[in-house]
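All remarks here apply to the structure that follows.
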Amino acid sequence: WIPRIIHGVSYSVDIKHPDGRCGSFWFRVQPEDGVKVRIGPSERSPAIKSENGHFQFECGEYLRASEILTIHGHADIEDSDIAGMKVEHPSESFAKLYRNSSKRNEQSKEASSATKRSLEHLTKPGEWVRVHCNGHLYLEECVNPPSIERHHDGWRYEVATLSGVEIRVGPSFSSKPTSFILQHSASILVNEKVTASGDSLTWLRLKDGRGWVHNIGEQSEIIMKSYASKKETKPSVNKLISRLGLR
């Protein structure tokens, strides 16, 4: 049993039957300030803490979900931007972060229908991010998944543009700029590369944690040049000796 009302305080409310989807879904974060990850599908649910404050995705970042829960007729509103909005048909949606296949298969069997979920599944803390609330979009669902590459040691890049490049909090031009600017010829390590499906622009995450930069400009001019491609333009001495047949 769960309480309905205690001393005049509501602990549960009536809602319509929620809609649930299970599988593999990709989303991109829309708000400039990013989105926090919570232990349950509600804005009233506690945000998950991390070493730097709270676990969250920044504007422009991609995340993968295994479950989407949409609630009609009710919305827990904590966001000051939409708290004062009058909505005739309130609704909100949350996405549960994708985890490894074995756990996901177990979850999908239980989550296939809200009426078939076990008590353990309903009470177990998860990792949830809000998709939308009363028409306000937080995560945009992707038709095709992005290309994401990661390298523990990092790739070496150099700033090619004379004006330098501004570092942003997230991989998007809508994301807030940081106070850092990489000057011309600055050399950096990148540990993640993200490219939207069908796009030629790639966002590079700096290994030192300062943020993200883009590799090309609006006119497709090169902003960041990979160290490898720079080497290819100037053959090494050993390669030249080999070609001349000196050894």
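Residue numbering restarts at 1 for every chain of the structure tokens, chains are lettered A, B, ... in their displayed order, and ligands are numbered from 1 as they appear.
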
Subject >> A:Ser93 environment, 9 Å, only C-alpha atoms, sequence neighbours closer than 6 positions dropped, as JSON, numbers by chain >> reply: {"A": [41, 42, 68, 69, 70, 71, 72, 75, 129, 130, 131, 132, 133]}

**OP:** Mind checking which residues fall within 6 Å of stretch 194-208 of chain A, counting only C-alpha atoms, ignoring those fewer than 6 positions away in the same chain, and posting them as number ranges by chain?
**Re:** A: 146-148, 171, 214-216

Using N, CA, C and O atoms, can you export the residues from the last selection as an mmCIF file, in the first residue's frame?
data_model
loop_
_atom_site.group_PDB
_atom_site.id
_atom_site.type_symbol
_atom_site.label_atom_id
_atom_site.label_comp_id
_atom_site.auth_asym_id
_atom_site.auth_seq_id
_atom_site.Cartn_x
_atom_site.Cartn_y
_atom_site.Cartn_z
ATOM 1 N N PRO A 146 23.569 9.261 -33.910
ATOM 2 C CA PRO A 146 24.774 10.004 -34.286
ATOM 3 C C PRO A 146 25.979 9.079 -34.353
ATOM 4 O O PRO A 146 25.934 7.924 -33.930
ATOM 5 N N SER A 147 27.087 9.597 -34.906
ATOM 6 C CA SER A 147 28.354 8.880 -34.879
ATOM 7 C C SER A 147 29.142 9.396 -33.681
ATOM 8 O O SER A 147 29.414 10.600 -33.585
ATOM 9 N N ILE A 148 29.492 8.494 -32.764
ATOM 10 C CA ILE A 148 30.223 8.879 -31.557
ATOM 11 C C ILE A 148 31.471 8.007 -31.447
ATOM 12 O O ILE A 148 31.386 6.781 -31.441
ATOM 13 N N PRO A 171 28.218 20.350 -27.049
ATOM 14 C CA PRO A 171 28.469 20.260 -28.491
ATOM 15 C C PRO A 171 27.349 20.846 -29.344
ATOM 16 O O PRO A 171 26.675 20.153 -30.103
ATOM 17 N N HIS A 214 34.190 22.946 -32.422
ATOM 18 C CA HIS A 214 33.767 22.366 -33.705
ATOM 19 C C HIS A 214 34.944 22.338 -34.667
ATOM 20 O O HIS A 214 35.868 23.139 -34.571
ATOM 21 N N ASN A 215 34.889 21.394 -35.599
ATOM 22 C CA ASN A 215 36.049 21.179 -36.472
ATOM 23 C C ASN A 215 36.038 22.020 -37.748
ATOM 24 O O ASN A 215 37.082 22.273 -38.335
ATOM 25 N N ILE A 216 34.841 22.450 -38.217
ATOM 26 C CA ILE A 216 34.750 23.281 -39.425
ATOM 27 C C ILE A 216 33.805 24.447 -39.178
ATOM 28 O O ILE A 216 32.959 24.412 -38.285
#

**OP:** Go through stretch 1-43 of chain A and collect every residue that DSSP, computed from the backbone, puts in strand (DSSP E or B); the answer should be as a list in words.
**Re:** Ile5, Ile6, Val9, Ser10, Asp19, Gly20, Arg21, Cys22, Gly23, Ser24, Phe25, Trp26, Phe27, Arg28, Val29, Val35, Lys36 and Arg38 of chain A

Write the residues of the selection above to a file with all heavy atoms, as a CSV table (one decimal), in the first residue's frame.
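Dumped to out-v5.csv:
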chain,number,residue,atom,x,y,z
A,5,ILE,N,-3.2,10.5,1.0
A,5,ILE,CA,-3.0,11.9,1.7
A,5,ILE,C,-2.6,11.6,3.1
A,5,ILE,O,-3.2,10.8,3.8
A,5,ILE,CB,-4.4,12.6,1.6
A,5,ILE,CG1,-4.8,12.9,0.2
A,5,ILE,CG2,-4.3,14.0,2.4
A,5,ILE,CD1,-6.1,13.6,0.0
A,6,ILE,N,-1.7,12.4,3.6
A,6,ILE,CA,-1.3,12.4,5.0
A,6,ILE,C,-1.3,13.8,5.5
A,6,ILE,O,-0.6,14.7,5.0
A,6,ILE,CB,0.1,11.8,5.2
A,6,ILE,CG1,0.1,10.3,4.7
A,6,ILE,CG2,0.6,11.9,6.6
A,6,ILE,CD1,1.5,9.7,4.8
A,9,VAL,N,-1.6,16.5,3.0
A,9,VAL,CA,-0.6,16.6,2.0
A,9,VAL,C,-0.7,15.4,1.0
A,9,VAL,O,-0.8,14.2,1.5
A,9,VAL,CB,0.8,16.5,2.6
A,9,VAL,CG1,1.9,16.6,1.5
A,9,VAL,CG2,1.0,17.7,3.5
A,10,SER,N,-0.9,15.7,-0.3
A,10,SER,CA,-1.1,14.6,-1.3
A,10,SER,C,0.3,13.9,-1.5
A,10,SER,O,1.3,14.5,-1.8
A,10,SER,CB,-1.6,15.2,-2.6
A,10,SER,OG,-2.8,15.8,-2.4
A,19,ASP,N,1.6,6.0,-21.3
A,19,ASP,CA,2.1,5.3,-22.5
A,19,ASP,C,3.6,4.9,-22.3
A,19,ASP,O,4.4,5.8,-21.8
A,19,ASP,CB,2.0,6.2,-23.8
A,19,ASP,CG,0.6,6.5,-24.1
A,19,ASP,OD1,-0.3,5.7,-23.8
A,19,ASP,OD2,0.3,7.7,-24.6
A,20,GLY,N,4.0,3.7,-22.7
A,20,GLY,CA,5.3,3.3,-22.6
A,20,GLY,C,5.9,2.7,-23.8
A,20,GLY,O,5.2,2.0,-24.6
A,21,ARG,N,7.1,3.0,-24.1
A,21,ARG,CA,7.8,2.5,-25.3
A,21,ARG,C,9.2,1.9,-24.8
A,21,ARG,O,9.9,2.5,-24.0
A,21,ARG,CB,8.1,3.5,-26.4
A,21,ARG,CG,6.9,4.0,-27.1
A,21,ARG,CD,7.3,4.8,-28.4
A,21,ARG,NE,7.9,6.1,-28.0
A,21,ARG,CZ,8.7,6.7,-28.8
A,21,ARG,NH1,9.1,6.2,-30.0
A,21,ARG,NH2,9.2,7.9,-28.5
A,22,CYS,N,9.5,0.7,-25.3
A,22,CYS,CA,10.8,0.1,-25.0
A,22,CYS,C,11.6,-0.2,-26.3
A,22,CYS,O,11.0,-0.5,-27.3
A,22,CYS,CB,10.6,-1.2,-24.2
A,22,CYS,SG,9.9,-0.9,-22.6
A,23,GLY,N,12.9,-0.1,-26.1
A,23,GLY,CA,13.8,-0.3,-27.3
A,23,GLY,C,15.1,0.4,-27.2
A,23,GLY,O,15.6,0.5,-26.1
A,24,SER,N,15.5,1.0,-28.3
A,24,SER,CA,16.7,1.8,-28.3
A,24,SER,C,16.4,3.1,-29.0
A,24,SER,O,16.0,3.2,-30.2
A,24,SER,CB,17.8,1.1,-29.1
A,24,SER,OG,19.0,1.9,-29.2
A,25,PHE,N,16.5,4.2,-28.3
A,25,PHE,CA,16.1,5.6,-28.8
A,25,PHE,C,17.3,6.5,-28.5
A,25,PHE,O,17.9,6.5,-27.5
A,25,PHE,CB,14.9,6.1,-28.0
A,25,PHE,CG,13.8,5.1,-28.0
A,25,PHE,CD1,13.6,4.3,-26.9
A,25,PHE,CD2,12.8,4.9,-29.0
A,25,PHE,CE1,12.6,3.3,-26.8
A,25,PHE,CE2,11.8,4.0,-29.0
A,25,PHE,CZ,11.7,3.2,-27.8
A,26,TRP,N,17.5,7.4,-29.5
A,26,TRP,CA,18.5,8.5,-29.4
A,26,TRP,C,17.9,9.8,-29.2
A,26,TRP,O,16.9,10.1,-30.0
A,26,TRP,CB,19.5,8.4,-30.5
A,26,TRP,CG,20.5,7.3,-30.5
A,26,TRP,CD1,20.4,6.1,-31.0
A,26,TRP,CD2,21.8,7.4,-29.8
A,26,TRP,NE1,21.5,5.3,-30.8
A,26,TRP,CE2,22.4,6.1,-30.0
A,26,TRP,CE3,22.4,8.3,-29.0
A,26,TRP,CZ2,23.6,5.8,-29.5
A,26,TRP,CZ3,23.7,8.0,-28.5
A,26,TRP,CH2,24.3,6.8,-28.7
A,27,PHE,N,18.4,10.6,-28.3
A,27,PHE,CA,17.9,12.0,-28.2
A,27,PHE,C,19.1,13.0,-28.1
A,27,PHE,O,20.2,12.6,-27.8
A,27,PHE,CB,17.2,12.1,-26.8
A,27,PHE,CG,15.9,11.3,-26.7
A,27,PHE,CD1,15.9,10.0,-26.3
A,27,PHE,CD2,14.7,11.9,-27.1
A,27,PHE,CE1,14.7,9.3,-26.2
A,27,PHE,CE2,13.5,11.2,-27.1
A,27,PHE,CZ,13.5,9.9,-26.6
A,28,ARG,N,18.8,14.3,-28.4
A,28,ARG,CA,19.8,15.3,-28.3
A,28,ARG,C,19.2,16.4,-27.4
A,28,ARG,O,18.1,16.8,-27.5
A,28,ARG,CB,20.1,16.0,-29.7
A,28,ARG,CG,21.3,16.8,-29.6
A,28,ARG,CD,21.8,17.3,-31.0
A,28,ARG,NE,23.1,17.9,-30.9
A,28,ARG,CZ,23.7,18.6,-31.9
A,28,ARG,NH1,23.1,18.7,-33.0
A,28,ARG,NH2,24.9,19.1,-31.7
A,29,VAL,N,20.0,16.8,-26.4
A,29,VAL,CA,19.6,17.8,-25.4
A,29,VAL,C,19.4,19.2,-26.0
A,29,VAL,O,20.3,19.7,-26.8
A,29,VAL,CB,20.7,17.9,-24.3
A,29,VAL,CG1,20.3,18.9,-23.2
A,29,VAL,CG2,20.9,16.5,-23.6
A,35,VAL,N,20.3,19.3,-19.1
A,35,VAL,CA,19.3,18.6,-18.3
A,35,VAL,C,19.9,17.7,-17.3
A,35,VAL,O,20.9,17.0,-17.5
A,35,VAL,CB,18.3,17.7,-19.2
A,35,VAL,CG1,17.5,18.6,-20.1
A,35,VAL,CG2,19.2,16.7,-20.1
A,36,LYS,N,19.3,17.6,-16.1
A,36,LYS,CA,19.7,16.8,-15.0
A,36,LYS,C,19.2,15.4,-15.1
A,36,LYS,O,18.1,15.2,-15.7
A,36,LYS,CB,19.3,17.4,-13.6
A,36,LYS,CG,20.0,18.7,-13.3
A,36,LYS,CD,19.6,19.2,-12.0
A,36,LYS,CE,20.3,20.5,-11.6
A,36,LYS,NZ,19.8,21.1,-10.3
A,38,ARG,N,17.8,12.1,-13.1
A,38,ARG,CA,17.1,11.9,-11.9
A,38,ARG,C,16.8,10.4,-11.6
A,38,ARG,O,16.9,9.6,-12.6
A,38,ARG,CB,15.8,12.7,-11.8
A,38,ARG,CG,15.9,14.2,-12.0
A,38,ARG,CD,14.6,14.9,-11.9
A,38,ARG,NE,14.9,16.4,-12.1
A,38,ARG,CZ,15.2,17.2,-11.2
A,38,ARG,NH1,15.4,16.8,-9.9
A,38,ARG,NH2,15.4,18.5,-11.4

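Minimum distance to A:Asn144 across A:Tyr157, A:Phe55, A:Trp1, A:Tyr62 (counting only C-alpha atoms) occurs at A:Tyr62.
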
Subject >> Point-to-point distance from atom CA of A:Pro31 to atom CA of A:Arg64, Å rounded to tenths >> reply: 17.1 Å

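Residues in contact with stretch 153-156 of chain A at up to 7 Å, not including ones fewer than 5 positions away on its chain and judged by only C-alpha atoms, are Ser187, Ile188, Leu189, Val190, Asn191, Lys207, Ser226 and Tyr227 of chain A.
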
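Atom CA of A:Gly60 to atom CA of A:Ser175 spans 6.9 Å [interatomic distance, one decimal].
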